[in-house]
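Listing of start-v5.cif, mmCIF, N, CA and C atoms
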data_data
#
loop_
_atom_site.label_atom_id
_atom_site.label_comp_id
_atom_site.auth_asym_id
_atom_site.auth_seq_id
_atom_site.Cartn_x
_atom_site.Cartn_y
_atom_site.Cartn_z
N LYS A 1 -13.67 -6.53 -2.37
CA LYS A 1 -13.75 -5.75 -3.59
C LYS A 1 -13.75 -4.26 -3.22
N PRO A 2 -12.57 -3.68 -3.16
CA PRO A 2 -12.45 -2.28 -2.70
C PRO A 2 -13.23 -1.29 -3.56
N ARG A 3 -13.30 -1.54 -4.86
CA ARG A 3 -14.02 -0.61 -5.74
C ARG A 3 -15.51 -0.57 -5.38
N GLU A 4 -16.10 -1.74 -5.19
CA GLU A 4 -17.52 -1.80 -4.80
C GLU A 4 -17.74 -1.17 -3.44
N LEU A 5 -16.81 -1.42 -2.53
CA LEU A 5 -16.92 -0.84 -1.19
C LEU A 5 -16.87 0.69 -1.26
N SER A 6 -15.94 1.22 -2.05
CA SER A 6 -15.84 2.68 -2.20
C SER A 6 -17.12 3.26 -2.81
N TYR A 7 -17.64 2.58 -3.83
CA TYR A 7 -18.88 3.04 -4.46
C TYR A 7 -20.03 3.04 -3.45
N ASN A 8 -20.20 1.94 -2.74
CA ASN A 8 -21.29 1.83 -1.76
C ASN A 8 -21.15 2.87 -0.65
N LEU A 9 -19.92 3.10 -0.22
CA LEU A 9 -19.69 4.12 0.80
C LEU A 9 -20.01 5.51 0.26
N ALA A 10 -19.66 5.76 -1.00
CA ALA A 10 -19.98 7.05 -1.64
C ALA A 10 -21.49 7.25 -1.68
N VAL A 11 -22.24 6.20 -2.00
CA VAL A 11 -23.70 6.29 -2.02
C VAL A 11 -24.23 6.60 -0.61
N CYS A 12 -23.63 5.97 0.40
CA CYS A 12 -24.05 6.25 1.78
C CYS A 12 -23.80 7.72 2.14
N TYR A 13 -22.63 8.24 1.77
CA TYR A 13 -22.34 9.65 2.02
C TYR A 13 -23.34 10.53 1.29
N TYR A 14 -23.65 10.18 0.05
CA TYR A 14 -24.64 10.92 -0.73
C TYR A 14 -25.98 10.95 0.00
N MET A 15 -26.42 9.80 0.46
CA MET A 15 -27.72 9.71 1.13
C MET A 15 -27.75 10.48 2.44
N GLN A 16 -26.59 10.65 3.06
CA GLN A 16 -26.51 11.44 4.29
C GLN A 16 -26.33 12.92 4.01
N GLY A 17 -26.20 13.27 2.72
CA GLY A 17 -26.04 14.68 2.36
C GLY A 17 -24.61 15.17 2.39
N ASP A 18 -23.65 14.26 2.56
CA ASP A 18 -22.24 14.64 2.57
C ASP A 18 -21.68 14.46 1.16
N PHE A 19 -22.03 15.41 0.30
CA PHE A 19 -21.74 15.29 -1.12
C PHE A 19 -20.25 15.39 -1.44
N ASP A 20 -19.52 16.20 -0.69
CA ASP A 20 -18.08 16.32 -0.95
C ASP A 20 -17.36 14.99 -0.70
N LYS A 21 -17.70 14.32 0.39
CA LYS A 21 -17.09 13.01 0.68
C LYS A 21 -17.49 11.99 -0.38
N ALA A 22 -18.74 12.06 -0.82
CA ALA A 22 -19.21 11.15 -1.86
C ALA A 22 -18.40 11.35 -3.14
N LEU A 23 -18.24 12.61 -3.55
CA LEU A 23 -17.49 12.89 -4.78
C LEU A 23 -16.02 12.49 -4.65
N ASN A 24 -15.45 12.72 -3.47
CA ASN A 24 -14.06 12.34 -3.24
C ASN A 24 -13.86 10.84 -3.49
N LEU A 25 -14.76 10.04 -2.98
CA LEU A 25 -14.68 8.59 -3.20
C LEU A 25 -14.96 8.22 -4.65
N LEU A 26 -15.97 8.84 -5.23
CA LEU A 26 -16.32 8.53 -6.62
C LEU A 26 -15.19 8.88 -7.59
N ASP A 27 -14.43 9.92 -7.26
CA ASP A 27 -13.31 10.32 -8.12
C ASP A 27 -12.17 9.31 -8.08
N GLN A 28 -12.16 8.44 -7.09
CA GLN A 28 -11.11 7.43 -6.98
C GLN A 28 -11.47 6.13 -7.71
N ILE A 29 -12.68 6.08 -8.25
CA ILE A 29 -13.17 4.88 -8.92
C ILE A 29 -13.18 5.14 -10.42
N PRO A 30 -12.78 4.15 -11.24
CA PRO A 30 -12.87 4.35 -12.70
C PRO A 30 -14.33 4.63 -13.11
N ASN A 31 -14.48 5.46 -14.10
CA ASN A 31 -15.82 5.88 -14.56
C ASN A 31 -16.50 4.79 -15.38
N ASP A 32 -17.42 4.07 -14.73
CA ASP A 32 -18.33 3.21 -15.47
C ASP A 32 -19.70 3.89 -15.40
N ASP A 33 -20.70 3.30 -16.01
CA ASP A 33 -22.02 3.94 -16.05
C ASP A 33 -22.58 4.22 -14.65
N LEU A 34 -22.40 3.28 -13.74
CA LEU A 34 -22.92 3.44 -12.38
C LEU A 34 -22.26 4.62 -11.67
N THR A 35 -20.95 4.71 -11.80
CA THR A 35 -20.20 5.81 -11.17
C THR A 35 -20.56 7.15 -11.80
N LEU A 36 -20.68 7.17 -13.13
CA LEU A 36 -21.06 8.40 -13.81
C LEU A 36 -22.45 8.86 -13.38
N TYR A 37 -23.36 7.91 -13.23
CA TYR A 37 -24.71 8.23 -12.78
C TYR A 37 -24.67 8.87 -11.39
N GLN A 38 -23.92 8.26 -10.49
CA GLN A 38 -23.86 8.77 -9.12
C GLN A 38 -23.18 10.14 -9.08
N LYS A 39 -22.16 10.33 -9.91
CA LYS A 39 -21.50 11.65 -9.97
C LYS A 39 -22.50 12.70 -10.47
N ALA A 40 -23.24 12.37 -11.52
CA ALA A 40 -24.22 13.31 -12.07
C ALA A 40 -25.27 13.65 -11.01
N LEU A 41 -25.74 12.65 -10.32
CA LEU A 41 -26.75 12.84 -9.27
C LEU A 41 -26.20 13.76 -8.17
N THR A 42 -24.96 13.53 -7.78
CA THR A 42 -24.35 14.32 -6.71
C THR A 42 -24.15 15.77 -7.15
N TYR A 43 -23.65 15.96 -8.36
CA TYR A 43 -23.48 17.33 -8.84
C TYR A 43 -24.82 18.05 -8.97
N LEU A 44 -25.85 17.33 -9.34
CA LEU A 44 -27.19 17.94 -9.41
C LEU A 44 -27.61 18.42 -8.02
N LYS A 45 -27.37 17.59 -7.01
CA LYS A 45 -27.72 17.98 -5.63
C LYS A 45 -26.92 19.19 -5.16
N LEU A 46 -25.70 19.31 -5.68
CA LEU A 46 -24.85 20.44 -5.31
C LEU A 46 -25.21 21.71 -6.09
N GLY A 47 -26.17 21.60 -7.02
CA GLY A 47 -26.57 22.76 -7.81
C GLY A 47 -25.63 23.05 -8.96
N GLN A 48 -24.79 22.07 -9.31
CA GLN A 48 -23.85 22.24 -10.42
C GLN A 48 -24.39 21.47 -11.63
N SER A 49 -25.43 22.03 -12.20
CA SER A 49 -26.16 21.35 -13.28
C SER A 49 -25.32 21.08 -14.51
N GLN A 50 -24.42 21.99 -14.85
CA GLN A 50 -23.57 21.80 -16.04
C GLN A 50 -22.69 20.56 -15.88
N LYS A 51 -22.07 20.42 -14.71
CA LYS A 51 -21.23 19.25 -14.46
C LYS A 51 -22.09 17.99 -14.43
N ALA A 52 -23.25 18.09 -13.80
CA ALA A 52 -24.15 16.94 -13.74
C ALA A 52 -24.51 16.49 -15.15
N LEU A 53 -24.82 17.44 -16.01
CA LEU A 53 -25.18 17.13 -17.39
C LEU A 53 -24.01 16.48 -18.13
N ALA A 54 -22.82 17.01 -17.92
CA ALA A 54 -21.64 16.45 -18.59
C ALA A 54 -21.46 14.97 -18.21
N TYR A 55 -21.58 14.66 -16.95
CA TYR A 55 -21.43 13.27 -16.52
C TYR A 55 -22.59 12.41 -17.04
N ALA A 56 -23.80 12.91 -16.95
CA ALA A 56 -24.96 12.13 -17.37
C ALA A 56 -24.92 11.83 -18.87
N LEU A 57 -24.46 12.78 -19.65
CA LEU A 57 -24.41 12.58 -21.10
C LEU A 57 -23.33 11.58 -21.53
N THR A 58 -22.40 11.26 -20.63
CA THR A 58 -21.35 10.29 -20.98
C THR A 58 -21.73 8.86 -20.60
N ILE A 59 -22.89 8.69 -19.98
CA ILE A 59 -23.35 7.34 -19.64
C ILE A 59 -23.72 6.62 -20.93
N LYS A 60 -23.20 5.41 -21.09
CA LYS A 60 -23.41 4.67 -22.34
C LYS A 60 -24.77 3.99 -22.40
N LYS A 61 -25.16 3.30 -21.34
CA LYS A 61 -26.43 2.56 -21.34
C LYS A 61 -27.52 3.47 -20.77
N ILE A 62 -28.35 4.00 -21.65
CA ILE A 62 -29.41 4.92 -21.24
C ILE A 62 -30.68 4.12 -20.99
N ASP A 63 -31.11 4.12 -19.73
CA ASP A 63 -32.37 3.46 -19.35
C ASP A 63 -33.29 4.51 -18.75
N GLY A 64 -34.43 4.08 -18.25
CA GLY A 64 -35.41 5.00 -17.68
C GLY A 64 -34.86 5.83 -16.53
N ARG A 65 -34.01 5.22 -15.73
CA ARG A 65 -33.42 5.93 -14.59
C ARG A 65 -32.52 7.06 -15.07
N VAL A 66 -31.74 6.81 -16.11
CA VAL A 66 -30.85 7.83 -16.66
C VAL A 66 -31.67 8.90 -17.38
N GLN A 67 -32.71 8.48 -18.09
CA GLN A 67 -33.57 9.46 -18.76
C GLN A 67 -34.23 10.39 -17.74
N GLU A 68 -34.66 9.83 -16.61
CA GLU A 68 -35.25 10.65 -15.56
C GLU A 68 -34.23 11.64 -15.00
N LEU A 69 -33.02 11.15 -14.76
CA LEU A 69 -31.95 12.03 -14.27
C LEU A 69 -31.67 13.15 -15.27
N LEU A 70 -31.57 12.81 -16.55
CA LEU A 70 -31.35 13.84 -17.57
C LEU A 70 -32.50 14.84 -17.59
N GLY A 71 -33.73 14.36 -17.45
CA GLY A 71 -34.87 15.26 -17.37
C GLY A 71 -34.75 16.21 -16.18
N ASP A 72 -34.36 15.65 -15.04
CA ASP A 72 -34.20 16.47 -13.83
C ASP A 72 -33.12 17.53 -14.02
N ILE A 73 -32.03 17.14 -14.67
CA ILE A 73 -30.93 18.08 -14.90
C ILE A 73 -31.38 19.19 -15.84
N TRP A 74 -32.01 18.81 -16.97
CA TRP A 74 -32.49 19.83 -17.91
C TRP A 74 -33.48 20.77 -17.22
N LEU A 75 -34.36 20.21 -16.42
CA LEU A 75 -35.35 21.04 -15.72
C LEU A 75 -34.66 22.00 -14.75
N SER A 76 -33.62 21.53 -14.07
CA SER A 76 -32.89 22.40 -13.13
C SER A 76 -32.20 23.55 -13.84
N MET A 77 -31.95 23.36 -15.14
CA MET A 77 -31.30 24.40 -15.94
C MET A 77 -32.33 25.31 -16.62
N GLY A 78 -33.60 25.06 -16.36
CA GLY A 78 -34.66 25.87 -16.95
C GLY A 78 -34.99 25.47 -18.38
N GLU A 79 -34.52 24.33 -18.80
CA GLU A 79 -34.74 23.85 -20.17
C GLU A 79 -35.89 22.84 -20.16
N SER A 80 -37.12 23.36 -20.06
CA SER A 80 -38.27 22.46 -19.90
C SER A 80 -38.56 21.65 -21.15
N LYS A 81 -38.23 22.17 -22.32
CA LYS A 81 -38.47 21.41 -23.56
C LYS A 81 -37.62 20.13 -23.58
N GLN A 82 -36.33 20.26 -23.27
CA GLN A 82 -35.45 19.09 -23.23
C GLN A 82 -35.85 18.15 -22.10
N ALA A 83 -36.24 18.73 -20.95
CA ALA A 83 -36.67 17.91 -19.82
C ALA A 83 -37.88 17.08 -20.21
N LYS A 84 -38.85 17.73 -20.85
CA LYS A 84 -40.07 17.03 -21.27
C LYS A 84 -39.73 15.88 -22.22
N GLN A 85 -38.83 16.13 -23.17
CA GLN A 85 -38.43 15.09 -24.11
C GLN A 85 -37.84 13.89 -23.37
N MET A 86 -37.02 14.17 -22.37
CA MET A 86 -36.41 13.08 -21.60
C MET A 86 -37.47 12.29 -20.85
N TYR A 87 -38.37 13.00 -20.17
CA TYR A 87 -39.41 12.31 -19.41
C TYR A 87 -40.32 11.49 -20.33
N LEU A 88 -40.64 12.05 -21.50
CA LEU A 88 -41.51 11.34 -22.45
C LEU A 88 -40.82 10.12 -23.06
N SER A 89 -39.49 10.11 -23.06
CA SER A 89 -38.77 8.97 -23.62
C SER A 89 -38.78 7.76 -22.68
N ILE A 90 -39.22 7.97 -21.45
CA ILE A 90 -39.37 6.85 -20.51
C ILE A 90 -40.65 6.11 -20.89
N PRO A 91 -40.57 4.80 -21.08
CA PRO A 91 -41.78 4.04 -21.44
C PRO A 91 -42.90 4.26 -20.41
N LYS A 92 -44.13 4.39 -20.88
CA LYS A 92 -45.26 4.69 -20.00
C LYS A 92 -45.35 3.73 -18.82
N ALA A 93 -45.08 2.47 -19.06
CA ALA A 93 -45.18 1.47 -18.00
C ALA A 93 -44.14 1.68 -16.89
N LYS A 94 -43.10 2.44 -17.19
CA LYS A 94 -42.03 2.66 -16.21
C LYS A 94 -42.07 4.06 -15.59
N ARG A 95 -43.03 4.87 -15.99
CA ARG A 95 -43.11 6.23 -15.45
C ARG A 95 -43.67 6.18 -14.03
N THR A 96 -43.06 6.99 -13.18
CA THR A 96 -43.49 7.08 -11.79
C THR A 96 -44.38 8.31 -11.60
N ALA A 97 -44.93 8.43 -10.40
CA ALA A 97 -45.72 9.63 -10.08
C ALA A 97 -44.85 10.88 -10.23
N LYS A 98 -43.58 10.77 -9.85
CA LYS A 98 -42.67 11.91 -9.97
C LYS A 98 -42.52 12.30 -11.44
N VAL A 99 -42.33 11.33 -12.32
CA VAL A 99 -42.16 11.63 -13.74
C VAL A 99 -43.42 12.30 -14.29
N TYR A 100 -44.59 11.76 -13.95
CA TYR A 100 -45.83 12.38 -14.43
C TYR A 100 -46.00 13.79 -13.87
N PHE A 101 -45.64 13.98 -12.61
CA PHE A 101 -45.74 15.31 -12.01
C PHE A 101 -44.85 16.29 -12.77
N LEU A 102 -43.59 15.89 -13.01
CA LEU A 102 -42.67 16.78 -13.70
C LEU A 102 -43.04 16.99 -15.17
N LEU A 103 -43.67 16.00 -15.79
CA LEU A 103 -44.23 16.21 -17.12
C LEU A 103 -45.30 17.31 -17.06
N GLY A 104 -46.09 17.28 -15.99
CA GLY A 104 -47.09 18.33 -15.80
C GLY A 104 -46.45 19.70 -15.67
N VAL A 105 -45.37 19.77 -14.92
CA VAL A 105 -44.65 21.04 -14.76
C VAL A 105 -44.12 21.53 -16.10
N THR A 106 -43.55 20.61 -16.90
CA THR A 106 -42.98 21.03 -18.19
C THR A 106 -44.05 21.43 -19.19
N ALA A 107 -45.25 20.89 -19.05
CA ALA A 107 -46.33 21.20 -20.00
C ALA A 107 -47.15 22.41 -19.58
N LEU A 108 -47.05 22.82 -18.34
CA LEU A 108 -47.93 23.84 -17.77
C LEU A 108 -47.97 25.14 -18.57
N GLU A 109 -46.83 25.60 -19.03
CA GLU A 109 -46.76 26.89 -19.72
C GLU A 109 -47.46 26.87 -21.08
N LYS A 110 -47.33 25.75 -21.82
CA LYS A 110 -47.85 25.71 -23.18
C LYS A 110 -49.18 24.99 -23.34
N ASP A 111 -49.47 24.05 -22.46
CA ASP A 111 -50.68 23.24 -22.62
C ASP A 111 -51.23 22.86 -21.24
N ARG A 112 -52.05 23.74 -20.69
CA ARG A 112 -52.58 23.54 -19.34
C ARG A 112 -53.42 22.27 -19.22
N ASP A 113 -54.18 21.94 -20.27
CA ASP A 113 -55.01 20.73 -20.22
C ASP A 113 -54.13 19.48 -20.12
N GLN A 114 -53.08 19.45 -20.94
CA GLN A 114 -52.15 18.32 -20.89
C GLN A 114 -51.47 18.25 -19.53
N ALA A 115 -51.09 19.39 -19.01
CA ALA A 115 -50.45 19.45 -17.69
C ALA A 115 -51.38 18.87 -16.63
N GLN A 116 -52.65 19.24 -16.68
CA GLN A 116 -53.62 18.73 -15.70
C GLN A 116 -53.78 17.21 -15.81
N GLU A 117 -53.69 16.68 -17.04
CA GLU A 117 -53.75 15.23 -17.22
C GLU A 117 -52.55 14.55 -16.57
N TYR A 118 -51.37 15.13 -16.76
CA TYR A 118 -50.17 14.57 -16.13
C TYR A 118 -50.27 14.64 -14.60
N PHE A 119 -50.73 15.78 -14.10
CA PHE A 119 -50.89 15.91 -12.65
C PHE A 119 -51.88 14.88 -12.11
N ALA A 120 -52.99 14.70 -12.82
CA ALA A 120 -54.00 13.72 -12.40
C ALA A 120 -53.41 12.32 -12.38
N GLN A 121 -52.59 12.00 -13.37
CA GLN A 121 -51.95 10.69 -13.42
C GLN A 121 -51.01 10.52 -12.22
N ALA A 122 -50.23 11.54 -11.92
CA ALA A 122 -49.31 11.50 -10.77
C ALA A 122 -50.11 11.29 -9.48
N LYS A 123 -51.20 12.03 -9.35
CA LYS A 123 -52.03 11.94 -8.14
C LYS A 123 -52.64 10.55 -7.99
N SER A 124 -53.08 9.96 -9.10
CA SER A 124 -53.69 8.64 -9.02
C SER A 124 -52.66 7.56 -8.68
N MET A 125 -51.41 7.80 -9.02
CA MET A 125 -50.37 6.81 -8.73
C MET A 125 -49.87 6.90 -7.30
N ASP A 126 -49.77 8.14 -6.77
CA ASP A 126 -49.21 8.33 -5.43
C ASP A 126 -49.68 9.68 -4.88
N LYS A 127 -50.80 9.64 -4.16
CA LYS A 127 -51.39 10.88 -3.64
C LYS A 127 -50.45 11.62 -2.70
N LYS A 128 -49.76 10.87 -1.84
CA LYS A 128 -48.86 11.49 -0.87
C LYS A 128 -47.75 12.25 -1.60
N TYR A 129 -47.12 11.60 -2.57
CA TYR A 129 -46.07 12.27 -3.35
C TYR A 129 -46.64 13.49 -4.06
N TYR A 130 -47.79 13.32 -4.70
CA TYR A 130 -48.40 14.41 -5.46
C TYR A 130 -48.62 15.64 -4.58
N HIS A 131 -49.20 15.45 -3.40
CA HIS A 131 -49.48 16.60 -2.53
C HIS A 131 -48.18 17.25 -2.04
N HIS A 132 -47.20 16.44 -1.73
CA HIS A 132 -45.91 16.97 -1.29
C HIS A 132 -45.26 17.79 -2.42
N ALA A 133 -45.24 17.21 -3.62
CA ALA A 133 -44.62 17.89 -4.76
C ALA A 133 -45.39 19.16 -5.13
N MET A 134 -46.71 19.11 -5.07
CA MET A 134 -47.52 20.28 -5.41
C MET A 134 -47.27 21.41 -4.40
N ASN A 135 -47.14 21.07 -3.13
CA ASN A 135 -46.84 22.08 -2.11
C ASN A 135 -45.47 22.70 -2.35
N GLN A 136 -44.49 21.87 -2.69
CA GLN A 136 -43.15 22.39 -2.99
C GLN A 136 -43.20 23.31 -4.21
N TYR A 137 -43.89 22.87 -5.23
CA TYR A 137 -44.00 23.64 -6.47
C TYR A 137 -44.68 24.98 -6.20
N ALA A 138 -45.75 24.96 -5.42
CA ALA A 138 -46.48 26.20 -5.10
C ALA A 138 -45.58 27.15 -4.31
N SER A 139 -44.79 26.61 -3.39
CA SER A 139 -43.87 27.45 -2.61
C SER A 139 -42.82 28.10 -3.49
N ILE A 140 -42.28 27.33 -4.42
CA ILE A 140 -41.27 27.86 -5.33
C ILE A 140 -41.87 28.95 -6.21
N MET A 141 -43.07 28.69 -6.74
CA MET A 141 -43.71 29.69 -7.60
C MET A 141 -44.02 30.97 -6.82
N LYS A 142 -44.45 30.83 -5.58
CA LYS A 142 -44.73 32.01 -4.75
C LYS A 142 -43.45 32.81 -4.52
N MET A 143 -42.36 32.11 -4.22
CA MET A 143 -41.08 32.78 -3.99
C MET A 143 -40.64 33.52 -5.25
N LEU A 144 -40.77 32.88 -6.40
CA LEU A 144 -40.38 33.53 -7.66
C LEU A 144 -41.26 34.73 -7.97
N ASN A 145 -42.56 34.60 -7.71
CA ASN A 145 -43.47 35.73 -7.93
C ASN A 145 -43.16 36.89 -7.00
N ASP A 146 -42.87 36.59 -5.74
CA ASP A 146 -42.50 37.63 -4.78
C ASP A 146 -41.22 38.35 -5.22
N LYS A 147 -40.27 37.58 -5.74
CA LYS A 147 -39.02 38.15 -6.22
C LYS A 147 -39.26 39.09 -7.39
N GLU A 148 -40.14 38.68 -8.30
CA GLU A 148 -40.47 39.50 -9.47
C GLU A 148 -41.15 40.79 -9.04
N LYS A 149 -42.04 40.71 -8.06
CA LYS A 149 -42.75 41.91 -7.59
C LYS A 149 -41.79 42.92 -6.99
N LYS A 150 -40.74 42.43 -6.29
CA LYS A 150 -39.76 43.32 -5.68
C LYS A 150 -38.94 44.05 -6.73
N LYS A 151 -38.71 43.40 -7.87
CA LYS A 151 -37.94 44.04 -8.95
C LYS A 151 -38.79 45.12 -9.59
#

What does the file become when written as structure tokens?
Amino acid sequence: KPRELSYNLAVCYYMQGDFDKALNLLDQIPNDDLTLYQKALTYLKLGQSQKALAYALTIKKIDGRVQELLGDIWLSMGESKQAKQMYLSIPKAKRTAKVYFLLGVTALEKDRDQAQEYFAQAKSMDKKYYHHAMNQYASIMKMLNDKEKKK
């Protein structure tokens, strides 16, 4: 099954960080939901959020995985309201520590108490992930604050 082989190879290239090779293979496969998802994911990794969004929005069967991807894309575009809506549309039983953490990030500006609840939920689900994500978030915020101070 050459189509499945190409898709699986594209995923392998993606996982190795060779996004151009992944996209080259994905472009040779007809666009079904799985291919569109992988294209959106790859474009998101390449920092091309608009293209990622275009592919993600054309996926027909929207499940928790697609909702999470859409949330990630909206968040990468600075659209925290849309990102929060996407993350909240994932059923509670299917939310991961990552989803709760990012819900905390989206709520932080308007509702610190709610954000802390989301962070606490993420931490209780996966402490290792929570600490890693919090360190990354703190580093990003420090970099942005330093940039603002220079201006």

Taking only residues of region 12-62 of chain A that have an atom at most 12 Å from an atom of region 77-92 of chain A, what is each one's shortest atom pair and its distance in Å to one decimal, using only C-alpha atoms, in chain and number order, as a Markdown table?
| residue | atom | partner | partner_atom | distance |
| --- | --- | --- | --- | --- |
| A:Leu44 | CA | A:Met77 | CA | 10.1 |
| A:Gly47 | CA | A:Met77 | CA | 9.5 |
| A:Gln48 | CA | A:Met77 | CA | 9.5 |
| A:Ser49 | CA | A:Met77 | CA | 6.5 |
| A:Gln50 | CA | A:Met77 | CA | 8.2 |
| A:Lys51 | CA | A:Met77 | CA | 11.4 |
| A:Ala52 | CA | A:Met77 | CA | 10.6 |
| A:Leu53 | CA | A:Met77 | CA | 9.6 |
| A:Ile62 | CA | A:Ile90 | CA | 10.2 |

## Note on the structure
Judged by only N, CA and C atoms, the minimum distance to Leu23 (chain A) among A:Lys110, A:Arg65, A:Lys39, A:Lys142 is found for A:Lys39

### Query
Between A:Leu36, A:Ala122, A:His131, A:Gly64, which is the closest to Lys94 (chain A) once you count all atoms listed in the file?
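With all atoms listed in the file as the atom set, the closest residue is A:Gly64.
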
### Counting all atoms listed in the file, the residue of A:Ile140, A:Gln38, A:Leu108, A:Pro30 that sits nearest Val11 (chain A)
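Once distances to Val11 (chain A) are computed over all atoms listed in the file, the minimum belongs to A:Gln38.
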
Could the centre and edge lengths of an axis-aligned box, enclosing all atoms of region 115-133 of chain A in the file with 5 Å extra on each side, be given in Å to one decimal as JSON?
{"center_x": -49.3, "center_y": 13.1, "center_z": -9.9, "size_x": 19.4, "size_y": 22.6, "size_z": 28.1}

### Task
Find the residues with any atom within 6.5 Å of (-38.0, 13.8, -15.4); use all atoms listed in the file and the coordinates as given in the file, and write the answer as a list in words.
Gln67, Glu68, Leu69, Leu70, Gly71, Asp72, Ala83, Met86, Tyr87, Lys98, Val99, Leu102 and Leu103 of chain A

### Task
For Asp32 (chain A), work out the shell of residues within 7 Å, counting all atoms listed in the file and skipping chain neighbours fewer than 3 positions away, then give it as a PyMOL selection string.
chain A and resi 29+35-37+59-60

### Polymer residues at most 7 Å from Val105 (chain A), all atoms listed in the file, same-chain spacing of 4 or more positions, as an MDAnalysis selection string
chainID A and resid 100:101 109 115 119

### Task
Considering only N, CA and C atoms, state which residue in the set A:Tyr13, A:Tyr7, A:Tyr55, A:Tyr130 is at the smallest distance from Leu26 (chain A).
A:Tyr7

#### Entry: Selection: 9 Å around Met125 (chain A), only C-alpha atoms, excl. self and same-chain fewer than 4 positions, as a PyMOL selection string
chain A and resi 96-97+120-121+129-130

### Query
What is the distance between atom N of Gln28 (chain A) and CA of Ser6 (chain A), in Å to one decimal?
8.4 Å

### Query
What is the CA of Thr58 (chain A)-CA of Ala40 (chain A) distance in Å, reported with one decimal?
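According to the coordinates, CA of Thr58 (chain A) and CA of Ala40 (chain A) are separated by 9.8 Å.
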
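Residue neighbourhood of Leu9 (chain A), excluding near-sequence residues (fewer than 6 positions): Arg3, Met15, Lys21, Ala22, Leu25 and Leu26 of chain A, at 8 Å, using all atoms listed in the file.
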